[in-house]
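Take a look at the structure below.
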Amino acid sequence: MTIANTIKSAGARLTMGDDDVRALLKKDHDEFKDLLSGIVDGGQGRSRTNVLETLKKNLTAHSRAEEKVVYDAMIRLRAKQDVHVICEEGYVEHGAVDDLLARISRLETGTEL
């Protein structure tokens with residue numbers, strides 16, 4: 001990220017309200033990081049499985065909503081190629097997350113993987 005983009009991003013975070021879509025996305029992302037920490041650092045067995053199920057449900061819903069509300073709107077409203085590239089990267093990343101969640105779900109709960 002360039003210095004100019006870093007400054008713009010910081011300024012945007014300072015001016016957004018609690019119901020701003022960017023604030024809501026950041027809040028969700030922070031919650032997902034906490035859930036992931038719970039899986040990595042947490043116990044084994046049932047508790048880890050429950051946290052994973054919560055993560056999968058919430059992250060999948062979040063991804064589809066982000067694609068529909070943010071990425072689709074950005075692609076419709078912005079003709080600039082770099083916006084399209086960023087949004088397409090988001091779709092690809094969400095697809096990778098979907099695949100990873102499916103792979104993790106098939107693992108034994110006690111495995112370190």
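So you can find residues: chains in the structure tokens are A, B, ... in the order shown, residues in each start at 1, and ligands are numbered from 1 in order.
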
Which residues of region 37-77 of chain A come within 12 Å of region 102-113 of chain A, and what is each one's closest atom pair and distance in Å (one decimal), counting only C-alpha atoms, sorted by chain and residue number, as a tab-separated table?
```
residue	atom	partner	partner_atom	distance
A:Ile39	CA	A:Thr109	CA	9.9
A:Val40	CA	A:Glu112	CA	8.5
A:Asp41	CA	A:Glu112	CA	10.6
A:Gly42	CA	A:Gly110	CA	11.1
A:Gly43	CA	A:Gly110	CA	9.0
A:Gln44	CA	A:Gly110	CA	5.7
A:Gly45	CA	A:Thr109	CA	5.4
A:Arg46	CA	A:Thr109	CA	7.9
A:Ser47	CA	A:Thr109	CA	9.4
A:Arg48	CA	A:Thr109	CA	7.0
A:Thr49	CA	A:Thr109	CA	6.6
A:Asn50	CA	A:Thr109	CA	10.4
A:Val51	CA	A:Thr109	CA	11.2
A:Leu52	CA	A:Ser105	CA	7.8
A:Glu53	CA	A:Ser105	CA	8.5
A:Thr54	CA	A:Ser105	CA	11.8
A:Leu55	CA	A:Ser105	CA	11.0
A:Lys56	CA	A:Ala102	CA	8.8
A:Lys57	CA	A:Ala102	CA	11.6
A:Thr60	CA	A:Ala102	CA	11.0
```

Selected residues written out, all heavy atoms, as a short mmCIF file (atom, residue, chain, number, x, y, z; two decimals), in the first residue's frame:
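The new file part.cif reads:
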```cif
data_model
loop_
_atom_site.label_atom_id
_atom_site.label_comp_id
_atom_site.auth_asym_id
_atom_site.auth_seq_id
_atom_site.Cartn_x
_atom_site.Cartn_y
_atom_site.Cartn_z
N ILE A 39 -9.69 -21.25 17.50
CA ILE A 39 -9.46 -22.57 16.92
C ILE A 39 -8.00 -22.97 17.11
O ILE A 39 -7.70 -24.09 17.52
CB ILE A 39 -9.82 -22.58 15.42
CG1 ILE A 39 -11.33 -22.42 15.25
CG2 ILE A 39 -9.34 -23.86 14.75
CD1 ILE A 39 -11.77 -22.18 13.82
N VAL A 40 -7.10 -22.05 16.83
CA VAL A 40 -5.67 -22.35 16.91
C VAL A 40 -5.22 -22.54 18.36
O VAL A 40 -4.53 -23.51 18.68
CB VAL A 40 -4.84 -21.22 16.24
CG1 VAL A 40 -3.36 -21.43 16.48
CG2 VAL A 40 -5.14 -21.17 14.75
N ASP A 41 -5.62 -21.63 19.23
CA ASP A 41 -5.16 -21.65 20.62
C ASP A 41 -6.07 -22.44 21.55
O ASP A 41 -5.67 -22.76 22.66
CB ASP A 41 -5.04 -20.22 21.17
CG ASP A 41 -4.07 -19.37 20.35
OD1 ASP A 41 -3.14 -19.94 19.75
OD2 ASP A 41 -4.26 -18.14 20.31
N GLY A 42 -7.28 -22.71 21.09
CA GLY A 42 -8.27 -23.34 21.96
C GLY A 42 -8.02 -24.81 22.17
O GLY A 42 -7.06 -25.40 21.66
N GLY A 43 -8.92 -25.38 22.88
CA GLY A 43 -8.83 -26.81 23.17
C GLY A 43 -9.09 -27.64 21.94
O GLY A 43 -9.09 -27.14 20.82
N GLN A 44 -9.32 -28.89 22.16
CA GLN A 44 -9.56 -29.79 21.05
C GLN A 44 -10.98 -30.30 21.13
O GLN A 44 -11.73 -29.97 22.04
CB GLN A 44 -8.57 -30.95 21.09
CG GLN A 44 -7.16 -30.50 20.84
CD GLN A 44 -6.20 -31.68 20.76
OE1 GLN A 44 -6.62 -32.81 20.68
NE2 GLN A 44 -4.92 -31.39 20.77
N GLY A 45 -11.33 -31.12 20.17
CA GLY A 45 -12.61 -31.79 20.21
C GLY A 45 -13.78 -30.87 19.94
O GLY A 45 -13.76 -30.04 19.05
N ARG A 46 -14.81 -31.05 20.76
CA ARG A 46 -16.09 -30.40 20.54
C ARG A 46 -15.99 -28.88 20.50
O ARG A 46 -16.61 -28.23 19.67
CB ARG A 46 -17.06 -30.84 21.65
CG ARG A 46 -18.48 -30.64 21.30
CD ARG A 46 -18.97 -31.75 20.36
NE ARG A 46 -19.91 -31.18 19.43
CZ ARG A 46 -19.87 -31.29 18.12
NH1 ARG A 46 -18.95 -31.96 17.53
NH2 ARG A 46 -20.77 -30.73 17.36
N SER A 47 -15.22 -28.28 21.39
CA SER A 47 -15.15 -26.82 21.43
C SER A 47 -14.53 -26.27 20.16
O SER A 47 -14.99 -25.28 19.61
CB SER A 47 -14.40 -26.38 22.69
OG SER A 47 -13.20 -25.75 22.41
N ARG A 48 -13.50 -26.91 19.67
CA ARG A 48 -12.85 -26.48 18.42
C ARG A 48 -13.83 -26.64 17.25
O ARG A 48 -13.91 -25.77 16.38
CB ARG A 48 -11.59 -27.29 18.19
CG ARG A 48 -10.78 -26.83 17.01
CD ARG A 48 -9.55 -27.67 16.83
NE ARG A 48 -8.46 -27.05 17.56
CZ ARG A 48 -7.25 -27.56 17.63
NH1 ARG A 48 -6.98 -28.70 17.04
NH2 ARG A 48 -6.31 -26.94 18.30
N THR A 49 -14.56 -27.73 17.24
CA THR A 49 -15.55 -27.97 16.19
C THR A 49 -16.65 -26.91 16.22
O THR A 49 -17.06 -26.40 15.17
CB THR A 49 -16.16 -29.37 16.34
OG1 THR A 49 -15.11 -30.34 16.28
CG2 THR A 49 -17.16 -29.66 15.24
N ASN A 50 -17.11 -26.56 17.40
CA ASN A 50 -18.16 -25.54 17.52
C ASN A 50 -17.67 -24.18 17.02
O ASN A 50 -18.41 -23.47 16.34
CB ASN A 50 -18.63 -25.42 18.97
CG ASN A 50 -19.40 -26.63 19.43
OD1 ASN A 50 -19.91 -27.40 18.62
ND2 ASN A 50 -19.49 -26.81 20.73
N VAL A 51 -16.46 -23.82 17.36
CA VAL A 51 -15.90 -22.54 16.91
C VAL A 51 -15.76 -22.55 15.39
O VAL A 51 -16.08 -21.57 14.72
CB VAL A 51 -14.55 -22.23 17.60
CG1 VAL A 51 -13.92 -20.98 17.01
CG2 VAL A 51 -14.74 -22.06 19.09
N LEU A 52 -15.31 -23.67 14.83
CA LEU A 52 -15.16 -23.77 13.38
C LEU A 52 -16.52 -23.64 12.68
O LEU A 52 -16.64 -22.94 11.67
CB LEU A 52 -14.50 -25.10 12.99
CG LEU A 52 -14.36 -25.34 11.48
CD1 LEU A 52 -13.51 -24.26 10.82
CD2 LEU A 52 -13.77 -26.72 11.22
N GLU A 53 -17.54 -24.27 13.22
CA GLU A 53 -18.87 -24.17 12.62
C GLU A 53 -19.38 -22.73 12.67
O GLU A 53 -19.98 -22.25 11.71
CB GLU A 53 -19.85 -25.12 13.31
CG GLU A 53 -19.61 -26.57 12.98
CD GLU A 53 -19.62 -26.86 11.49
OE1 GLU A 53 -20.52 -26.37 10.77
OE2 GLU A 53 -18.70 -27.55 11.02
N THR A 54 -19.15 -22.04 13.77
CA THR A 54 -19.54 -20.63 13.88
C THR A 54 -18.78 -19.80 12.86
O THR A 54 -19.36 -18.95 12.17
CB THR A 54 -19.27 -20.11 15.31
OG1 THR A 54 -20.04 -20.87 16.23
CG2 THR A 54 -19.62 -18.64 15.44
N LEU A 55 -17.48 -20.04 12.75
CA LEU A 55 -16.66 -19.31 11.79
C LEU A 55 -17.16 -19.54 10.37
O LEU A 55 -17.33 -18.59 9.60
CB LEU A 55 -15.19 -19.73 11.91
CG LEU A 55 -14.24 -19.09 10.89
CD1 LEU A 55 -14.13 -17.60 11.13
CD2 LEU A 55 -12.88 -19.75 10.95
N LYS A 56 -17.40 -20.80 10.01
CA LYS A 56 -17.85 -21.12 8.65
C LYS A 56 -19.17 -20.41 8.32
O LYS A 56 -19.30 -19.80 7.26
CB LYS A 56 -18.04 -22.63 8.50
CG LYS A 56 -16.78 -23.39 8.30
CD LYS A 56 -16.95 -24.89 8.25
CE LYS A 56 -18.21 -25.40 7.67
NZ LYS A 56 -18.32 -26.86 7.68
N LYS A 57 -20.12 -20.50 9.22
CA LYS A 57 -21.43 -19.90 8.98
C LYS A 57 -21.31 -18.38 8.82
O LYS A 57 -21.81 -17.81 7.85
CB LYS A 57 -22.37 -20.24 10.14
CG LYS A 57 -23.77 -19.66 10.00
CD LYS A 57 -24.63 -20.02 11.19
CE LYS A 57 -24.19 -19.13 12.32
NZ LYS A 57 -25.03 -19.06 13.46
N THR A 60 -18.98 -17.30 5.70
CA THR A 60 -19.64 -17.53 4.41
C THR A 60 -20.70 -16.46 4.16
O THR A 60 -20.77 -15.89 3.07
CB THR A 60 -20.25 -18.94 4.37
OG1 THR A 60 -19.20 -19.90 4.54
CG2 THR A 60 -20.96 -19.20 3.05
#
```

Exercise for review: Name all residues at most 8 Å from region 89-97 of chain A (count only C-alpha atoms; drop same-chain ones fewer than 5 positions away) and give them as number ranges by chain.
Suggested key: A: 63, 67, 71

Check your understanding: Can you tell me how far CA of Leu101 (chain A) sits from CA of Phe32 (chain A), in Å to one decimal?
Key ->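 Between CA of Leu101 (chain A) and CA of Phe32 (chain A) the gap works out to 12.6 Å.
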